[in-house]
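**Q** What follows is data-v9.cif; its format and atoms are mmCIF, C-alpha atoms.
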data_coords
#
loop_
_atom_site.label_atom_id
_atom_site.label_comp_id
_atom_site.auth_asym_id
_atom_site.auth_seq_id
_atom_site.Cartn_x
_atom_site.Cartn_y
_atom_site.Cartn_z
CA MET V 1 47.45 29.52 56.55
CA LEU V 2 47.17 27.50 53.38
CA SER V 3 49.38 28.51 50.48
CA PRO V 4 47.42 30.37 47.82
CA MET V 5 46.12 28.28 44.94
CA CYS V 6 48.08 29.96 42.22
CA ASP V 7 48.15 26.93 40.00
CA PHE V 8 45.91 23.94 39.95
CA SER V 9 48.77 22.18 38.24
CA ILE V 10 47.87 18.77 39.48
CA VAL V 11 44.59 18.99 37.65
CA VAL V 12 46.51 19.32 34.42
CA SER V 13 47.36 15.62 34.61
CA GLY V 14 45.25 13.74 32.10
CA ASP V 15 44.14 10.84 34.25
CA LEU V 16 43.00 13.09 37.03
CA LEU V 17 41.09 15.40 34.74
CA ARG V 18 39.41 12.44 33.11
CA SER V 19 38.38 10.99 36.45
CA ILE V 20 36.89 14.33 37.48
CA PHE V 21 34.95 14.55 34.23
CA GLU V 22 33.61 11.04 34.70
CA ARG V 23 31.67 12.31 37.71
CA LEU V 24 29.90 15.02 35.77
CA PRO V 25 26.46 14.86 34.23
CA PRO V 26 26.18 15.77 30.52
CA SER V 27 25.41 19.46 30.95
CA ASP V 28 28.33 20.07 33.31
CA LEU V 29 30.60 18.04 31.07
CA ALA V 30 29.57 20.15 28.11
CA ARG V 31 30.26 23.36 30.04
CA SER V 32 33.65 22.01 31.08
CA ALA V 33 34.49 21.50 27.44
CA CYS V 34 33.98 25.24 26.95
CA VAL V 35 36.50 26.24 29.61
CA CYS V 36 39.83 25.93 27.81
CA ARG V 37 41.59 23.79 25.19
CA LEU V 38 42.89 21.15 27.54
CA TRP V 39 39.50 20.66 29.14
CA ARG V 40 37.81 20.62 25.75
CA ASP V 41 40.09 17.81 24.60
CA PHE V 42 39.40 15.71 27.64
CA ALA V 43 35.73 16.47 27.95
CA SER V 44 34.98 15.70 24.34
CA ASP V 45 36.88 12.51 23.72
CA ARG V 46 34.96 9.48 22.51
CA GLU V 47 34.39 8.00 25.95
CA MET V 48 32.95 11.20 27.25
CA LYS V 49 30.75 11.63 24.21
CA GLU V 50 29.44 8.13 24.65
CA LYS V 51 28.75 8.81 28.28
CA ILE V 52 26.67 11.86 27.49
CA PHE V 53 24.85 9.99 24.77
CA ARG V 54 23.82 7.08 26.91
CA SER V 55 23.29 8.82 30.22
CA THR V 56 20.06 10.53 29.20
CA TRP V 57 18.43 7.16 28.79
CA LYS V 58 20.43 5.29 31.43
CA VAL V 59 21.88 2.93 28.84
CA ARG V 60 24.72 0.91 30.30
CA ARG V 61 26.96 0.64 27.26
CA VAL V 62 27.10 1.61 23.62
CA LEU V 63 29.34 -0.58 21.50
CA GLY V 64 30.63 0.10 18.00
CA GLU V 65 31.93 3.14 16.19
CA PRO V 66 29.77 5.70 14.43
CA SER V 67 30.98 6.96 11.06
CA SER V 68 31.28 10.46 12.46
CA SER V 69 31.30 12.03 15.91
CA ALA V 70 28.19 13.99 14.95
CA PHE V 71 26.32 10.82 15.89
CA TRP V 72 26.91 11.54 19.58
CA ARG V 73 25.68 15.07 19.39
CA HIS V 74 21.97 14.47 19.52
CA PRO V 75 21.06 11.80 22.04
CA SER V 76 17.40 11.85 21.09
CA LEU V 77 15.26 8.77 21.40
CA ASP V 78 15.14 8.26 17.66
CA ARG V 79 18.84 7.41 17.67
CA PHE V 80 17.81 4.15 19.29
CA ALA V 81 15.80 1.26 17.93
CA ILE V 82 14.94 -2.33 18.75
CA SER V 83 16.08 -4.97 16.30
CA HIS V 84 13.28 -7.40 15.58
CA ARG V 85 14.31 -10.57 13.79
CA LEU V 86 11.58 -11.34 11.31
CA SER V 87 9.88 -14.71 11.34
CA ARG V 88 7.15 -16.29 9.30
CA GLY V 89 3.81 -14.70 9.86
CA ASP V 90 5.12 -11.34 11.01
CA SER V 91 3.41 -8.29 9.58
CA VAL V 92 4.10 -4.61 10.05
CA ALA V 93 0.66 -4.11 11.57
CA GLY V 94 1.19 -7.05 13.90
CA LEU V 95 4.55 -5.74 15.03
CA ALA V 96 3.17 -2.25 15.53
CA LEU V 97 0.55 -3.72 17.83
CA ARG V 98 3.01 -5.91 19.65
CA TYR V 99 5.52 -3.14 20.35
CA GLY V 100 2.95 -0.45 20.89
CA VAL V 101 4.09 1.83 18.07
CA GLN V 102 2.62 3.23 14.86
CA VAL V 103 2.80 1.39 11.53
CA MET V 104 3.91 4.63 9.91
CA ASP V 105 6.82 4.98 12.32
CA ILE V 106 8.06 1.47 11.60
CA LYS V 107 7.86 2.09 7.89
CA ARG V 108 9.66 5.39 8.15
CA LEU V 109 12.42 3.98 10.32
CA ASN V 110 13.06 1.16 7.87
CA ASN V 111 12.65 3.21 4.75
CA MET V 112 9.80 1.01 3.54
CA MET V 113 7.57 2.20 0.75
CA SER V 114 5.04 -0.56 1.24
CA GLU V 115 4.48 -3.18 3.88
CA HIS V 116 5.45 -5.89 1.42
CA GLY V 117 9.04 -4.77 1.86
CA ILE V 118 9.01 -6.99 4.92
CA TYR V 119 9.51 -10.11 2.81
CA SER V 120 12.93 -9.14 1.55
CA ARG V 121 14.36 -8.39 4.96
CA GLU V 122 15.82 -10.32 7.85
CA ARG V 123 15.01 -7.80 10.52
CA LEU V 124 13.11 -4.63 11.14
CA LEU V 125 14.05 -1.71 13.33
CA ILE V 126 11.33 -0.81 15.78
CA PRO V 127 11.13 2.64 17.39
CA ILE V 128 11.41 2.67 21.15
CA ASN V 129 8.41 3.79 23.11
CA LYS V 130 9.08 2.02 26.38
CA LEU V 131 11.99 3.84 28.03
CA SER V 132 12.50 1.12 30.59
CA LEU V 133 13.82 -1.11 27.82
CA LEU V 134 16.84 1.15 27.47
CA ILE V 135 17.72 1.24 31.13
CA ASP V 136 20.88 -0.70 31.87
CA SER V 137 20.90 -2.05 28.32
CA THR V 138 23.74 -2.58 25.88
CA CYS V 139 23.25 -1.03 22.45
CA TYR V 140 25.17 -1.60 19.24
CA ILE V 141 25.86 1.14 16.75
CA GLU V 142 24.90 -0.16 13.34
CA LEU V 143 24.42 1.22 9.89
CA ASP V 144 21.14 -0.34 8.87
CA GLU V 145 21.45 -1.56 5.29
CA HIS V 146 17.92 -0.71 4.27
CA SER V 147 17.34 2.62 5.90
CA LYS V 148 21.01 3.69 5.50
CA ARG V 149 20.62 5.16 8.93
CA GLU V 150 23.08 4.89 11.77
CA VAL V 151 21.26 3.70 14.86
CA ALA V 152 22.06 2.45 18.36
CA VAL V 153 20.35 -0.92 18.26
CA LEU V 154 18.87 -2.82 21.15
CA TYR V 155 18.51 -6.59 20.90
CA LEU V 156 15.86 -7.81 23.27
CA GLU V 157 16.90 -11.46 23.09
CA GLY V 158 20.55 -10.65 23.78
CA GLY V 159 23.42 -9.52 21.55
CA PRO V 160 23.53 -9.61 17.77
CA ASP V 161 24.71 -13.21 17.89
CA GLY V 162 21.71 -14.15 19.98
CA LYS V 163 23.69 -14.74 23.17
CA SER V 164 22.03 -13.51 26.29
CA THR V 165 23.68 -10.69 28.19
CA GLN V 166 21.78 -11.44 31.37
CA THR V 167 23.83 -12.46 34.36
CA MET V 168 23.05 -15.81 35.90
CA ASN V 169 20.29 -15.75 38.45
CA ASN V 170 20.78 -18.04 41.37
CA THR V 171 19.31 -17.92 44.85
CA ILE V 172 22.45 -16.68 46.61
CA TYR V 173 22.77 -13.80 44.17
CA ILE V 174 19.15 -12.86 44.63
CA LYS V 175 19.37 -13.00 48.43
CA ALA V 176 22.52 -10.88 48.47
CA ARG V 177 20.92 -8.28 46.29
CA ARG V 178 17.90 -8.11 48.58
CA LYS V 179 20.19 -7.34 51.51
CA ILE V 180 22.16 -4.72 49.63
CA LEU V 181 18.93 -3.23 48.37
CA ASN V 182 17.52 -2.78 51.85
CA SER V 183 20.70 -1.14 52.99
CA VAL V 184 20.70 1.35 50.12
CA LYS V 185 17.04 2.07 50.75
CA ARG V 186 17.72 2.85 54.39
CA SER V 187 20.73 5.05 53.71
CA MET V 188 19.37 6.96 50.80
CA GLN V 189 15.78 6.99 51.94
CA VAL V 190 14.47 5.90 48.58
CA ASP V 191 11.98 3.29 47.50
CA ASP V 192 12.66 -0.25 46.38
CA GLY V 193 12.67 0.39 42.67
CA THR V 194 15.07 3.32 42.94
CA ALA V 195 17.52 1.46 45.12
CA GLU V 196 17.32 -1.51 42.75
CA TYR V 197 18.07 0.66 39.78
CA TYR V 198 21.10 2.35 41.31
CA LEU V 199 22.60 -0.89 42.44
CA SER V 200 22.11 -2.56 39.09
CA THR V 201 23.76 0.24 37.18
CA SER V 202 26.67 0.37 39.60
CA ASP V 203 27.21 -3.37 39.46
CA GLY V 204 26.79 -3.87 43.21
CA ASP V 205 29.26 -1.14 44.11
CA PRO V 206 27.80 0.84 47.03
CA ARG V 207 29.85 3.96 46.58
CA ALA V 208 29.16 4.23 42.87
CA ALA V 209 25.46 3.81 43.64
CA MET V 210 25.55 6.63 46.20
CA LEU V 211 27.44 8.98 43.94
CA GLN V 212 25.12 8.35 41.03
CA LEU V 213 22.07 8.94 43.19
CA SER V 214 23.54 12.17 44.58
CA GLU V 215 24.24 13.33 41.05
CA ASP V 216 20.73 12.56 39.88
CA LEU V 217 19.15 14.26 42.88
CA ARG V 218 21.19 17.36 42.14
CA TRP V 219 19.99 17.31 38.55
CA GLU V 220 16.39 16.95 39.65
CA GLN V 221 16.72 19.81 42.08
CA GLN V 222 18.23 22.02 39.44
CA ASN V 223 15.90 21.19 36.62
CA ARG V 224 12.68 20.38 38.38
CA PRO V 225 12.83 22.48 41.52
CA HIS V 226 9.06 22.62 41.75
CA LEU V 227 9.09 18.96 42.73
CA PHE V 228 11.14 19.77 45.81
CA ARG V 229 9.06 22.51 47.30
CA MET C 230 47.27 1.80 71.04
CA GLY C 231 48.81 -0.90 68.92
CA LYS C 232 51.97 -0.33 66.96
CA THR C 233 52.31 3.32 66.02
CA ILE C 234 54.01 5.27 63.26
CA LYS C 235 55.49 8.74 63.69
CA LEU C 236 55.04 11.16 60.82
CA ILE C 237 56.75 14.55 60.46
CA SER C 238 54.96 17.19 58.41
CA GLY C 239 56.73 19.63 56.09
CA ASP C 240 56.54 22.35 58.75
CA GLY C 241 58.08 20.10 61.40
CA GLU C 242 55.06 18.90 63.37
CA MET C 243 55.01 15.32 64.62
CA PHE C 244 51.93 13.11 64.30
CA GLU C 245 51.85 9.72 65.99
CA VAL C 246 49.17 7.40 64.65
CA GLU C 247 48.28 3.72 64.66
CA GLU C 248 49.76 1.59 61.94
CA ALA C 249 46.37 0.80 60.47
CA VAL C 250 45.69 4.52 60.08
CA ALA C 251 49.05 5.41 58.55
CA PHE C 252 49.04 2.38 56.26
CA GLN C 253 46.05 3.72 54.36
CA SER C 254 48.87 5.44 52.52
CA ASN C 255 50.74 2.99 50.30
CA ILE C 256 53.78 5.25 50.37
CA ILE C 257 53.96 5.34 54.17
CA LYS C 258 53.38 1.60 54.24
CA SER C 259 56.31 0.89 51.95
CA LEU C 260 58.57 3.35 53.75
CA ALA C 261 57.77 1.77 57.09
CA ASP C 262 58.39 -1.71 55.71
CA GLU C 263 61.95 -0.80 54.85
CA ASP C 264 64.57 -1.71 57.40
CA ASN C 265 64.68 1.62 59.18
CA ALA C 266 65.77 1.72 62.78
CA ASP C 267 64.13 5.10 62.92
CA ASP C 268 60.34 4.85 62.97
CA CYS C 269 59.93 8.53 62.10
CA ILE C 270 58.79 9.18 58.56
CA PRO C 271 59.34 12.67 57.16
CA LEU C 272 56.72 14.02 54.75
CA PRO C 273 58.27 17.28 53.52
CA ARG C 274 55.58 17.94 50.93
CA VAL C 275 52.64 17.88 53.29
CA ASP C 276 52.19 20.61 55.86
CA SER C 277 50.57 20.01 59.23
CA GLN C 278 47.19 21.52 58.43
CA ILE C 279 46.71 19.20 55.45
CA LEU C 280 48.28 16.21 57.15
CA SER C 281 45.86 16.46 60.05
CA LYS C 282 42.93 16.52 57.60
CA VAL C 283 44.38 13.54 55.75
CA LEU C 284 44.82 11.63 58.99
CA GLU C 285 41.25 12.43 59.98
CA PHE C 286 40.18 10.67 56.79
CA CYS C 287 42.54 7.75 57.33
CA ARG C 288 41.40 7.30 60.91
CA LYS C 289 37.83 6.95 59.74
CA HIS C 290 38.78 4.48 57.04
CA ALA C 291 41.14 2.31 59.05
CA ASN C 292 39.47 -0.92 60.17
CA SER C 293 36.48 -0.25 57.93
CA PRO C 294 35.51 -2.29 54.93
CA SER C 295 36.89 -0.49 51.91
CA VAL C 296 34.23 1.31 49.97
CA HIS C 297 35.74 -0.33 46.89
CA THR C 298 34.73 -3.73 48.12
CA LYS C 299 31.61 -5.13 46.67
CA PHE C 300 29.50 -6.57 49.37
CA ALA C 301 30.27 -10.15 48.55
CA ALA C 302 33.93 -9.65 49.42
CA ILE C 303 33.81 -8.07 52.90
CA PRO C 304 35.77 -10.34 55.26
CA SER C 305 34.10 -11.02 58.58
CA GLU C 306 37.00 -9.51 60.59
CA LEU C 307 35.82 -6.10 59.51
CA CYS C 308 32.23 -6.53 60.53
CA PRO C 309 31.11 -4.22 63.35
CA LYS C 310 28.78 -6.88 64.73
CA HIS C 311 31.26 -9.72 64.78
CA ASP C 312 34.02 -7.56 66.24
CA GLY C 313 36.94 -9.51 64.89
CA SER C 314 35.94 -12.67 66.77
CA ALA C 315 35.96 -14.64 63.55
CA ALA C 316 39.53 -13.58 62.75
CA GLY C 317 41.58 -16.41 61.32
CA ALA C 318 38.74 -18.87 61.54
CA SER C 319 36.91 -18.12 58.33
CA SER C 320 37.63 -19.64 54.99
CA SER C 321 36.93 -17.44 52.00
CA GLU C 322 33.65 -19.29 51.51
CA SER C 323 32.24 -18.49 54.91
CA SER C 324 33.46 -14.91 54.58
CA SER C 325 31.29 -14.30 51.60
CA ALA C 326 28.38 -16.12 53.20
CA HIS C 327 28.82 -13.82 56.18
CA SER C 328 28.69 -10.62 54.23
CA GLU C 329 25.79 -11.66 52.07
CA THR C 330 23.58 -11.93 55.12
CA CYS C 331 25.09 -9.31 57.36
CA ARG C 332 23.08 -6.15 57.60
CA ALA C 333 25.59 -4.53 59.93
CA CYS C 334 28.27 -4.65 57.24
CA TYR C 335 26.15 -3.00 54.61
CA ASP C 336 25.02 -0.26 56.93
CA ALA C 337 28.62 0.39 57.98
CA VAL C 338 29.75 0.80 54.39
CA MET C 339 26.87 3.08 53.48
CA LYS C 340 27.50 5.24 56.56
CA LEU C 341 31.13 5.55 55.60
CA VAL C 342 30.23 6.66 52.10
CA GLN C 343 27.96 9.34 53.50
CA TRP C 344 30.70 10.53 55.84
CA ASP C 345 33.06 10.72 52.86
CA LEU C 346 30.63 12.85 50.89
CA GLU C 347 30.41 15.30 53.80
CA PHE C 348 34.19 15.30 54.24
CA VAL C 349 34.74 16.76 50.80
CA LYS C 350 32.19 19.54 51.13
CA VAL C 351 35.02 22.01 51.65
CA ASP C 352 36.40 24.82 49.54
CA LEU C 353 38.32 24.13 46.38
CA ASP C 354 41.59 25.29 47.85
CA LEU C 355 41.51 22.51 50.42
CA ILE C 356 40.40 20.01 47.78
CA HIS C 357 43.43 21.00 45.74
CA HIS C 358 45.71 20.27 48.68
CA LEU C 359 43.94 16.99 49.41
CA LEU C 360 44.35 15.91 45.78
CA LYS C 361 48.06 16.66 45.96
CA ALA C 362 48.44 14.87 49.28
CA ALA C 363 46.41 11.83 48.18
CA ASN C 364 48.53 11.60 45.05
CA TYR C 365 51.83 12.04 46.89
CA LEU C 366 50.93 9.62 49.69
CA ASP C 367 49.05 7.25 47.37
CA ILE C 368 45.83 6.98 49.37
CA GLU C 369 43.29 5.51 47.00
CA ASP C 370 40.06 6.29 48.86
CA LEU C 371 41.12 9.86 49.61
CA MET C 372 42.00 10.40 45.97
CA PHE C 373 38.61 9.11 44.96
CA MET C 374 36.81 11.49 47.30
CA ALA C 375 39.02 14.48 46.50
CA VAL C 376 38.12 13.95 42.84
CA GLU C 377 34.48 14.05 43.88
CA GLY C 378 35.23 17.30 45.69
CA ALA C 379 36.74 18.78 42.53
CA ALA C 380 33.70 17.65 40.53
CA ASN C 381 31.51 19.41 43.12
CA ALA C 382 33.26 22.66 42.29
CA ILE C 383 32.49 22.26 38.59
CA ARG C 384 28.86 21.21 38.88
CA GLY C 385 26.34 23.94 38.36
CA ASN C 386 28.85 26.54 37.20
CA ASN C 387 29.25 28.14 33.81
CA PRO C 388 32.62 28.14 31.95
CA GLU C 389 33.68 31.58 33.15
CA GLU C 390 32.98 30.73 36.79
CA ILE C 391 34.89 27.47 36.36
CA ARG C 392 37.85 29.36 34.96
CA LYS C 393 37.90 31.68 37.95
CA LEU C 394 37.68 28.84 40.44
CA PHE C 395 40.40 26.74 38.84
CA ASP C 396 42.50 29.69 37.75
CA LEU C 397 42.43 28.74 34.07
CA GLU C 398 42.79 30.93 31.02
CA ASN C 399 40.45 30.97 28.08
CA ASP C 400 42.95 29.98 25.41
CA PHE C 401 40.45 29.39 22.61
CA THR C 402 40.76 31.34 19.39
CA PRO C 403 37.47 33.00 18.37
CA GLU C 404 36.96 30.27 15.75
CA GLU C 405 37.54 27.51 18.26
CA GLU C 406 35.13 29.11 20.67
CA LYS C 407 32.46 29.33 17.99
CA GLU C 408 33.08 25.69 17.10
CA ILE C 409 32.79 24.41 20.65
CA LEU C 410 29.60 26.37 21.28
CA LYS C 411 28.10 24.90 18.12
CA GLU C 412 29.08 21.44 19.34
CA TYR C 413 27.14 21.98 22.53
CA SER C 414 24.28 23.92 21.07
CA TRP C 415 21.93 21.36 22.60
CA LEU C 416 22.57 23.08 25.91
CA ASP C 417 19.99 25.83 26.30
CA ASP C 418 22.72 28.25 27.14
CA PRO C 419 26.23 27.08 27.96
CA PHE C 420 26.77 30.20 30.01
CA GLU C 421 23.81 29.63 32.19
CA PRO C 422 24.29 26.97 34.89
#
Could you write out this structure as structure tokens?
**A**
Amino acid sequence: MLSPMCDFSIVVSGDLLRSIFERLPPSDLARSACVCRLWRDFASDREMKEKIFRSTWKVRRVLGEPSSSAFWRHPSLDRFAISHRLSRGDSVAGLALRYGVQVMDIKRLNNMMSEHGIYSRERLLIPINKLSLLIDSTCYIELDEHSKREVAVLYLEGGPDGKSTQTMNNTIYIKARRKILNSVKRSMQVDDGTAEYYLSTSDGDPRAAMLQLSEDLRWEQQNRPHLFR
Amino acid sequence: MGKTIKLISGDGEMFEVEEAVAFQSNIIKSLADEDNADDCIPLPRVDSQILSKVLEFCRKHANSPSVHTKFAAIPSELCPKHDGSAAGASSSESSSAHSETCRACYDAVMKLVQWDLEFVKVDLDLIHHLLKAANYLDIEDLMFMAVEGAANAIRGNNPEEIRKLFDLENDFTPEEEKEILKEYSWLDDPFEP
């Protein structure tokens, strides 16, 4: 006969509570924050807020500090933008075509009255319309000087200093990943692309990949049950 | 059986297990390493019911590649296909070459992870005891999975249900409660799972 659970005292330890919260998707994390003061403090600290913010879009990391924590509250797509370094010959219309967005949206995002504003700037922010760009990306919180807007910026060529954040691709690495991929596919009964995604976001860690997939499947079942019938 | 370790639970029951099983616990490992003539290790804070569950976990994990290990680091001694025949012979280079091409290793790790996920599908009371035991005995993998078990109890429940399960009091003032609900107003309804 197990002793009655009259106090979950061990859960009161900070590290343990934090590690439990790390497993939770945003909605469960938010509900945990509403349980009691201690849980609120742990569930709403900066790391947790960042996790909620980026998890919707599967962003890997968000670097930098926003001016207020209200930034984290609304993880809508318009909090993100691509940074396009302007070069000779660029035009707003040309960029709109290239990135598949509307001229009006680029102008609005950059607080441009006319398209000639392009000549006095070094870069333009481009709204994101291709969600796959965000997956596994690193974004930088910046206060754009022209739009005066705080945005999580994505640099397609690498980080703000131009350095690439891509890991080195060599044949051994690629072969190893193919093997791991097939194993995940078999175990989880998912397709190539899915297995690839989960492994990339878990940095080759099989258990992390499994847990993340289980979590996502649960979310799908809860929120889109019609897909499972 | 190879070398065995005798463990005594808090309620006086004796468990004799292989070293590899018992040494999943860093505490037991360091106690056994001390110069004790007596190879009986008392564990007063773990009763027999919990200890047998813990040992079930340890038995499964002994002689398996750790789920922490990224595939590139699995040594060939732990591969189910190679069966320890490469023990001592491999340099670190050939070990990683082995695991990068060995399908048996990957499948073994993935199977173990699935077993772990099933292992923690138990009620919160048991999870609580497993958390305590994993902490006390310092068993990393068990701690990891017990945390997952605790997270399972939270998922899909609203704050009031969570409070009941974990025996927690709502210690918010009305103002604080209003504030926290405003913070999470993006949830359709925080009280609806």
**Q** Can you tell me, as a PyMOL selection string, what residues are no more than 6 Å from segment 388-399 of chain C when counting all atoms listed in the file, ignoring any on the same chain fewer than 2 positions away?
**A** (chain V and resi 31+34-36) or (chain C and resi 386+401)
**Q** Got a sec to check which residues sit within 9 Å of (35.3, 11.3, 29.3), counting all atoms listed in the file, and write them as a PyMOL selection string?
**A** chain V and resi 17-22+29+42-52
**Q** On this file, the PyMOL selection byres ((chain V and resi 106) around 9) gives some set of residues; write that set as a list in words.
**A**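 Those residues are Val92, Leu95, Ala96, Val101, Gln102, Val103, Met104, Asp105, Lys107, Arg108, Leu109, Asn110, Asn111, Met112, Leu124, Leu125, Ile126 and Pro127 of chain V.
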**Q** Given the file shown, determine the residues that the PyMOL selection byres ((chain V and resi 118-121) around 9) selects; report them as number ranges by chain.
**A** V: 86, 90-92, 112, 114-117, 122-124, 146
**Q** Report as a PyMOL selection string the full result of the PyMOL selection byres ((chain V and resi 128) around 12) when it is applied to this structure.
**A** chain V and resi 57+76-84+96+99-102+105-106+109+125-127+129-135+151-156
**Q** Could you get me a file of segment 336-360 of chain C with N, CA and C atoms, as a short mmCIF file (atom, residue, chain, number, x, y, z; two decimals), in the first residue's frame, taken from the block above?
**A**
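Writing done, so here's out_31.cif:
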data_model
loop_
_atom_site.label_atom_id
_atom_site.label_comp_id
_atom_site.auth_asym_id
_atom_site.auth_seq_id
_atom_site.Cartn_x
_atom_site.Cartn_y
_atom_site.Cartn_z
N ASP C 336 17.61 0.95 -33.85
CA ASP C 336 16.34 0.32 -33.51
C ASP C 336 16.26 0.00 -32.02
N ALA C 337 17.38 -0.43 -31.46
CA ALA C 337 17.41 -0.76 -30.03
C ALA C 337 17.11 0.47 -29.19
N VAL C 338 17.73 1.58 -29.54
CA VAL C 338 17.51 2.81 -28.78
C VAL C 338 16.06 3.27 -28.90
N MET C 339 15.54 3.23 -30.10
CA MET C 339 14.16 3.70 -30.29
C MET C 339 13.18 2.80 -29.54
N LYS C 340 13.44 1.50 -29.54
CA LYS C 340 12.56 0.57 -28.80
C LYS C 340 12.58 0.90 -27.32
N LEU C 341 13.77 1.20 -26.83
CA LEU C 341 13.92 1.51 -25.41
C LEU C 341 13.14 2.78 -25.05
N VAL C 342 13.21 3.75 -25.92
CA VAL C 342 12.48 4.99 -25.66
C VAL C 342 10.98 4.71 -25.59
N GLN C 343 10.50 3.88 -26.50
CA GLN C 343 9.07 3.55 -26.48
C GLN C 343 8.69 2.80 -25.21
N TRP C 344 9.55 1.91 -24.78
CA TRP C 344 9.29 1.18 -23.53
C TRP C 344 9.21 2.16 -22.37
N ASP C 345 10.12 3.11 -22.34
CA ASP C 345 10.15 4.13 -21.30
C ASP C 345 8.84 4.91 -21.26
N LEU C 346 8.36 5.29 -22.42
CA LEU C 346 7.12 6.08 -22.47
C LEU C 346 5.96 5.28 -21.88
N GLU C 347 5.92 3.98 -22.17
CA GLU C 347 4.88 3.12 -21.59
C GLU C 347 5.05 2.99 -20.08
N PHE C 348 6.31 2.86 -19.65
CA PHE C 348 6.61 2.66 -18.23
C PHE C 348 6.03 3.76 -17.36
N VAL C 349 6.00 4.98 -17.88
CA VAL C 349 5.51 6.07 -17.03
C VAL C 349 4.03 6.39 -17.24
N LYS C 350 3.33 5.50 -17.93
CA LYS C 350 1.88 5.71 -18.05
C LYS C 350 1.22 5.08 -16.82
N VAL C 351 1.51 5.63 -15.68
CA VAL C 351 0.98 5.12 -14.41
C VAL C 351 0.39 6.30 -13.65
N ASP C 352 -0.30 6.03 -12.54
CA ASP C 352 -0.93 7.17 -11.88
C ASP C 352 0.08 8.07 -11.16
N LEU C 353 -0.37 9.28 -10.92
CA LEU C 353 0.51 10.33 -10.43
C LEU C 353 1.16 9.98 -9.09
N ASP C 354 0.45 9.22 -8.30
CA ASP C 354 0.99 8.81 -7.02
C ASP C 354 2.30 8.03 -7.19
N LEU C 355 2.26 7.09 -8.13
CA LEU C 355 3.46 6.29 -8.39
C LEU C 355 4.57 7.16 -8.99
N ILE C 356 4.16 8.08 -9.88
CA ILE C 356 5.15 8.99 -10.47
C ILE C 356 5.85 9.79 -9.37
N HIS C 357 5.07 10.24 -8.42
CA HIS C 357 5.61 10.99 -7.30
C HIS C 357 6.68 10.17 -6.59
N HIS C 358 6.38 8.90 -6.32
CA HIS C 358 7.34 8.05 -5.64
C HIS C 358 8.57 7.77 -6.50
N LEU C 359 8.34 7.64 -7.81
CA LEU C 359 9.47 7.39 -8.72
C LEU C 359 10.38 8.62 -8.79
N LEU C 360 9.76 9.81 -8.77
CA LEU C 360 10.56 11.04 -8.78
C LEU C 360 11.46 11.10 -7.55
#
